[in-house]
Each structure stands twice: as structure tokens, then as C-alpha cells.
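Chemist: Take this structure, written in C-alpha cells, and hold onto it; I'll ask about it next.
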Amino acid sequence: MRLNSRLTGISLALASLILLLQSCGPAAETAEQPQELTQQERIQGGGVDINGLQPVSAGSSPRPEVIGNTPPPRGPDGHPILGSVPGMIGKWEGFGSRPMLRLFDEIPEGAIIFYNDFEQASNDPTNYPKIRESEIPYQPWAKALFAARSRTRFEPYVRCKPSAAARTVATAYGTDFVEFPDMQKIYIFPTGGPRHYSEIWMDGRGHPENLTPTYHGHSIGHWEGDTLVVDTVGFNEKMWFDSDGSPHTDQLHIIERYTRLSVERLQYDISIDDPGAYTRPWSTGFYMDWSPGETFQFVCQDENLASDLMLGTEYQSMDRSQPIFP
Amino acid sequence: MKYITTLLGFLVLLPLSANAQQGHPLDGIWLGDWGPVNGERNQVVVELVWRDTALSGNINPGFPDQVTINKAMLDSANGWKVRLEGTGTDEAGNTFTAVLDGALNEDDLGYANRTISGTWTQAGTSGVFTLRRE
């Protein structure tokens, strides 16, 4: 009885604190223009969602009902801020962008396609003009491998392996961008996955010689007007760079362009150049929508509910003490 | 089972980044054996490298019976058939040829440790082989 009273008292205190913060803080929907951000302000997070009464939990992120045209916040250098700012905490949702990088005007035999309303998608002017499947310049082996992957969808991401490029930004539960101008770096933090991140060097360096291939590769970036351009090489072959299963080799060279069109919308363009898998470079992309609310800590190895995808079994208990998944 | 000790030593020297690659289906290091169905098995290491549009490699690289692969074919449209042809030099200095005719196992195509199996013909001797990617 005493414990229940104590818990009740704590709950009331928390509720009061939440209401106090709401009344004192700025409305989340207002896109304030900060004159200068400290590093602490940039990395400030955790705690209570100032947009609501409850801490953000998995799958509860509110989505804006209308994609607006509010001008994006800008940093001291004049560039749009891609991530959150005080008073406007949120993350980018691109998970609804399926298929991720293509429109299926032709479907590989036996493929598992989660969404493919080709006519609707290709005729909707609000949709990003994605490349058509028939236009992707596969080498024959890559086309056949893509078809095989489409039948099984045995994606490394759902087995808690780090993803890269498009799969980094379009992930479950949202993606956050954190910029450190004083360190000349930008980080991309996807909520889903094995708690990984992309690191973008903004100090004018080039790519090193003899890179050891890694999941995220080596990324260097620069601004072209209001667009962040990121050039990445040095990928290993253990990941997929999209959820569709587009093949690649370690010769992959990706250029990504991030343009915050408004507070509410981010345009993601990607150019793929891989002479080991494709006969020429190709480009596509998608839009991402701003979702107010904080991210939360998700660790794939511990919280992935798709155990059958992780271990290739179905309806069997998963031994979570096993640290390594194939 | 000859060369098994030196094969293990070879594996130790492999760069870690070469393991578990999943780009081109044939790219990588393959371990296995070949020989008559009920006869002695010959342990082998096959190293294949895919660059742009060409596949190259060696069988048992660094060993006396090394075979340099001269022709490599992957037919991804017809059951993932594989054909590798190469030449080597035996201890007497005579040139011999090796031909691998097989196919990738489509059941494990999506795995890093996928397999190839088929017929191996070398220096007039034929047998079956299975290779597993490391």
C-alpha cells in the first residue's frame, strides 16, 4: 500500500512537470529561426515529447496530416538545418516509401512486393519520380540476383545488420540528422536497426586510398546551395543499400543529395555507380516527411520481433542469448 | 585430405574483408573438395574475383598444383550454371587443364556461405565437387 502511494505520488509529480513544460515551452509546430545553436542544443534530446503528454514510444510517432511549406530553419552559415532544432523536435519518416527506389512496371517472377500500385504511384504528381524497374541498367547476374532476393526478401537489415545509403535514411521509427559545424561533421542516426549511424566528413577531405570496406563506407560532404551532397565509397558487400535488394559490389560509389524543401519535407536523391553490377550509373530517390516527436532507443538485436527473419525459423522461440545472427 | 594443414594456414592469411562478401555470387574464397564419388577426395581452395564485367581467379593459389582460371562463366538466366576453365603445371612441368562444370545452389543463393556443386575434370580424371563460400 505504501509503495502504491509512493508510485501514485511520483506519477502525479511527473504529470505536473509535463504540464508545466508544455505551458512554458514553444509550440512544436512553430518553426522558430534560431540565431545560433550550441552543441548542447543540437544534441538535446530524450525525456518528454513536448508535443504531447506522453513519452514517445515505439510506433506512436504522430505524422503531420498536411505536408506544409514552412520554410526550413537555417543555421548560422545560412544552410538549412536537416534535423531538429529547439522547439521543433522530430525525425524523418521514409518508411512508407515502398518500394524504396523503383516503380515496378515489371515484376520479377515470384517476387514478394509489399506495395506496387504502379499506375497510382506513377501518375501521382506528389510522388517522387522514381526510376522504373525496366530502366535499371543491371548486369545480367545482378538482375537475376535481384529477382532471387525479391522472392525471399532475406534482407540483412531485418537480421540486425547495419544498412547503408537509402536504407540508412529510410528506416523504421524515423531518422535524425545531427550537425556539428565546429567539428565539421554530420551524423545520420536511424532509429531502427542495430543502433548504427552514418558519419559525413564536411572538412573538404577526399576519400583515403586503400579503404577497408565497411557497412557505411567513407562519406564526404559539401553544400551546393541548400542541398547537402554526400559522396560515399568503400562499402562492403554485407549490406543492402535499399530495402528492395538492389545488388552491388565493393566498387559501389553513391552520391546522395539531401534537400530540405520545407520543415515538413525532405527530398532524397541518390545516384548509384557500380561498374561491377550495373552497365551505367542510375539515379532515383524519394521524399521523407517530418514527424514531430523524439526518437527512442531501439536495439535490433534485442527488440526485433521478426525472429523468423532473423534466424530463418518460424513460430519457434528465439534464444536472445545468442549474440551473433547469421 | 592432403594439404589440409597448409589450407588452414592459408585461411589464416586471408584478409578479413574478403569474408562474407555478398556482391557478385561467385566473388570470394571457396573451400571444398573434388574426386571420384567413392574415391579419394582432393581438398581445394578456389579464389574468385569479380571486377567490372570479368571474373578471374585461381585454384589452390600458392600451392604446387595451382590452376590459373582462364575462362569463367556464370549463366544466371539458366539455373545459375557455373563453368570455370584453367591451366596449371604439375610437378613434372607438364601443363594440365581443369574444368569445373556445375551450378550455384539456388536454395542458399542469398547466404554468404552459398555452395556450388558439379563435375570436376582435371588431368584426365573426373569427379564430383562441392565448394562452399567462406
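Letters for chains follow the order of the C-alpha cells (A, B, ...), residue numbers begin at 1 for each chain, and ligand numbers begin at 1 in the order shown.
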I need the chain B residues near chain A as a PyMOL selection string; criterion: at most 9 Å, counting only C-alpha atoms.

Modeler: chain B and resi 17+20-25+50-54+74-77+80+106+109-112

Chemist: For Tyr287 (chain A), list every protein, DNA or RNA residue within 8 Å, evaluated using only C-alpha atoms, and leave out those in the same chain fewer than 6 positions away; present the list as a PyMOL selection string.

Modeler: chain A and resi 94+97+127-128+265-268

Chemist: Would you list the contacts of Gly124 (chain B) as an MDAnalysis selection string, taking every protein, DNA or RNA residue within 10 Å and counting only C-alpha atoms, but skipping same-chain residues closer than 4 positions in sequence?

Modeler: chainID B and resid 96:98

Chemist: Atoms to include: C-alpha atoms. Write the selected residues as a PDB file, in the first residue's frame.

Modeler:
ATOM      1  CA  PHE B  96      47.272 -29.732 -67.376  1.00  0.00           C
ATOM      2  CA  THR B  97      43.767 -28.357 -67.599  1.00  0.00           C
ATOM      3  CA  ALA B  98      40.986 -28.232 -65.070  1.00  0.00           C
TER       4      ALA B  98
END

Chemist: Just how far from CA of Gly204 (chain A) is CA of Gly225 (chain A), in Å to one decimal?

Modeler: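 Rounded to one decimal, the two atoms are 16.0 Å apart.
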
Chemist: For the structure I just gave you, how does DSSP split region 2-132 of chain B - specifically, which residues are alpha helix (DSSP H)? Reply as JSON, numbers by chain.

Modeler: {"B": [4, 5, 6, 7, 8, 9, 10, 11, 12, 13]}

Chemist: Generate the output file for the selected residues, C-alpha atoms, as an mmCIF file, in the first residue's frame.

Modeler:
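Dumped to out_13.cif:
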data_model
loop_
_atom_site.group_PDB
_atom_site.id
_atom_site.type_symbol
_atom_site.label_atom_id
_atom_site.label_comp_id
_atom_site.auth_asym_id
_atom_site.auth_seq_id
_atom_site.Cartn_x
_atom_site.Cartn_y
_atom_site.Cartn_z
ATOM 1 C CA ILE B 4 44.726 -29.730 -45.110
ATOM 2 C CA THR B 5 47.250 -28.184 -42.740
ATOM 3 C CA THR B 6 48.535 -25.734 -45.296
ATOM 4 C CA LEU B 7 44.981 -24.936 -46.344
ATOM 5 C CA LEU B 8 44.175 -23.963 -42.809
ATOM 6 C CA GLY B 9 47.269 -21.813 -42.803
ATOM 7 C CA PHE B 10 46.098 -20.172 -45.997
ATOM 8 C CA LEU B 11 42.824 -19.288 -44.382
ATOM 9 C CA VAL B 12 44.570 -17.558 -41.543
ATOM 10 C CA LEU B 13 46.270 -15.282 -44.010
#

Chemist: Find the spatial neighbours of region 99-103 of chain A, counting only C-alpha atoms, within a cut-off of 12 Å - ignore same-chain residues fewer than 6 positions away - and output them as a compact mmCIF listing (two decimals) with N, CA and C atoms, in the first residue's frame.

Modeler:
# COMPACT_ATOMS: atom_id res chain seq x y z
N ILE A 112 8.07 -11.06 -53.91
CA ILE A 112 7.20 -10.59 -52.84
C ILE A 112 7.27 -9.07 -52.86
N ILE A 113 6.19 -8.45 -53.27
CA ILE A 113 6.16 -6.99 -53.37
C ILE A 113 5.16 -6.47 -52.35
N PHE A 114 5.64 -5.67 -51.40
CA PHE A 114 4.74 -5.19 -50.36
C PHE A 114 3.73 -4.19 -50.90
N TYR A 115 4.20 -3.36 -51.82
CA TYR A 115 3.31 -2.34 -52.35
C TYR A 115 3.68 -2.07 -53.79
N ASN A 116 2.74 -2.12 -54.65
CA ASN A 116 3.04 -1.79 -56.04
C ASN A 116 1.77 -1.40 -56.76
N ASP A 117 1.32 -0.18 -56.50
CA ASP A 117 0.24 0.34 -57.32
C ASP A 117 0.91 1.22 -58.36
N PHE A 118 1.44 0.57 -59.40
CA PHE A 118 2.28 1.28 -60.36
C PHE A 118 1.55 2.45 -60.99
N GLU A 119 0.32 2.24 -61.39
CA GLU A 119 -0.41 3.31 -62.08
C GLU A 119 -0.62 4.50 -61.16
N GLN A 120 -1.07 4.22 -59.93
CA GLN A 120 -1.33 5.30 -59.00
C GLN A 120 -0.04 6.03 -58.65
N ALA A 121 1.02 5.25 -58.38
CA ALA A 121 2.27 5.86 -57.97
C ALA A 121 2.89 6.69 -59.08
N SER A 122 2.81 6.20 -60.31
CA SER A 122 3.46 6.91 -61.40
C SER A 122 2.66 8.12 -61.86
N ASN A 123 1.37 8.15 -61.57
CA ASN A 123 0.53 9.26 -62.01
C ASN A 123 0.31 10.30 -60.93
N ASN A 127 4.24 12.34 -55.82
CA ASN A 127 5.24 11.30 -55.59
C ASN A 127 6.56 11.65 -56.26
N TYR A 128 7.62 11.19 -55.65
CA TYR A 128 8.94 11.38 -56.26
C TYR A 128 8.98 10.57 -57.55
N PRO A 129 9.55 11.12 -58.61
CA PRO A 129 9.62 10.39 -59.89
C PRO A 129 10.70 9.31 -59.86
N LYS A 130 10.38 8.18 -59.24
CA LYS A 130 11.36 7.11 -59.10
C LYS A 130 11.63 6.44 -60.45
N ILE A 131 12.79 5.83 -60.53
CA ILE A 131 13.14 5.09 -61.74
C ILE A 131 12.25 3.87 -61.87
N ARG A 132 11.97 3.48 -63.08
CA ARG A 132 11.19 2.28 -63.33
C ARG A 132 12.11 1.07 -63.31
N GLU A 133 11.57 -0.04 -62.85
CA GLU A 133 12.36 -1.27 -62.75
C GLU A 133 12.99 -1.62 -64.10
N SER A 134 12.25 -1.42 -65.20
CA SER A 134 12.75 -1.79 -66.52
C SER A 134 13.89 -0.88 -66.98
N GLU A 135 14.06 0.25 -66.32
CA GLU A 135 15.09 1.20 -66.72
C GLU A 135 16.42 0.99 -65.98
N ILE A 136 16.39 0.18 -64.94
CA ILE A 136 17.61 -0.01 -64.15
C ILE A 136 18.61 -0.82 -64.96
N SER A 150 14.14 -10.83 -54.40
CA SER A 150 12.73 -10.42 -54.33
C SER A 150 11.84 -11.57 -53.89
N ALA A 165 23.28 4.00 -46.99
CA ALA A 165 22.67 4.86 -48.01
C ALA A 165 21.17 4.99 -47.80
N ALA A 166 20.40 4.62 -48.82
CA ALA A 166 18.95 4.81 -48.75
C ALA A 166 18.34 4.06 -47.58
N ARG A 167 18.87 2.90 -47.27
CA ARG A 167 18.33 2.09 -46.17
C ARG A 167 18.70 2.68 -44.82
N THR A 168 19.70 3.53 -44.76
CA THR A 168 20.01 4.21 -43.51
C THR A 168 18.98 5.29 -43.24
N VAL A 169 18.63 6.06 -44.25
CA VAL A 169 17.73 7.18 -44.01
C VAL A 169 16.27 6.74 -43.97
N ALA A 170 15.92 5.72 -44.71
CA ALA A 170 14.55 5.23 -44.70
C ALA A 170 14.49 3.98 -43.83
N THR A 171 14.27 4.18 -42.58
CA THR A 171 14.33 3.10 -41.62
C THR A 171 13.12 3.17 -40.71
N TRP A 240 22.61 -4.30 -47.71
CA TRP A 240 21.86 -3.82 -48.85
C TRP A 240 21.73 -2.31 -48.70
N PHE A 241 21.83 -1.57 -49.80
CA PHE A 241 21.70 -0.13 -49.68
C PHE A 241 20.26 0.34 -49.86
N ASP A 242 19.35 -0.59 -50.12
CA ASP A 242 17.93 -0.28 -50.12
C ASP A 242 17.18 -1.52 -49.66
N SER A 243 15.92 -1.34 -49.31
CA SER A 243 15.15 -2.48 -48.83
C SER A 243 14.65 -3.36 -49.97
N ASP A 244 14.77 -2.86 -51.21
CA ASP A 244 14.31 -3.65 -52.35
C ASP A 244 15.25 -4.83 -52.63
N GLY A 245 16.56 -4.65 -52.32
CA GLY A 245 17.52 -5.72 -52.59
C GLY A 245 18.39 -5.46 -53.81
N SER A 246 18.57 -4.19 -54.18
CA SER A 246 19.42 -3.90 -55.33
C SER A 246 20.82 -4.42 -55.09
N TYR A 268 15.19 13.29 -51.05
CA TYR A 268 16.38 12.43 -51.04
C TYR A 268 16.62 11.93 -52.47
N ASP A 269 17.77 12.33 -53.02
CA ASP A 269 18.17 11.87 -54.35
C ASP A 269 19.39 10.99 -54.19
N ILE A 270 19.44 9.90 -54.96
CA ILE A 270 20.59 9.01 -54.88
C ILE A 270 21.03 8.63 -56.28
N SER A 271 22.34 8.68 -56.50
CA SER A 271 22.93 8.24 -57.76
C SER A 271 23.82 7.05 -57.45
N ILE A 272 23.63 5.98 -58.20
CA ILE A 272 24.35 4.72 -57.98
C ILE A 272 25.28 4.45 -59.16
N TRP A 282 22.90 5.06 -62.43
CA TRP A 282 21.47 5.34 -62.47
C TRP A 282 21.08 6.12 -61.22
N SER A 283 19.96 6.83 -61.32
CA SER A 283 19.55 7.72 -60.24
C SER A 283 18.07 7.54 -59.93
N THR A 284 17.75 7.81 -58.67
CA THR A 284 16.36 7.75 -58.23
C THR A 284 16.27 8.46 -56.88
N GLY A 285 15.21 8.24 -56.11
CA GLY A 285 15.11 8.86 -54.79
C GLY A 285 13.73 8.73 -54.22
N PHE A 286 13.48 9.52 -53.17
CA PHE A 286 12.14 9.54 -52.57
C PHE A 286 12.03 10.76 -51.67
N TYR A 287 10.83 11.02 -51.22
CA TYR A 287 10.59 12.09 -50.26
C TYR A 287 10.48 11.50 -48.86
N MET A 288 10.84 12.31 -47.88
CA MET A 288 10.66 11.92 -46.49
C MET A 288 9.85 13.01 -45.80

Chemist: Give me, as a list in words, the residues of region 62-103 of chain B that a backbone DSSP run labels strand (DSSP E).

Modeler: Val67, Thr68, Ile69, Asn70, Lys71, Ala72, Met73, Leu74, Asp75, Lys81, Val82, Arg83, Leu84, Glu85, Gly86, Thr87, Gly88, Thr89, Thr95, Phe96, Thr97, Ala98, Val99, Leu100, Asp101, Gly102 and Ala103 of chain B
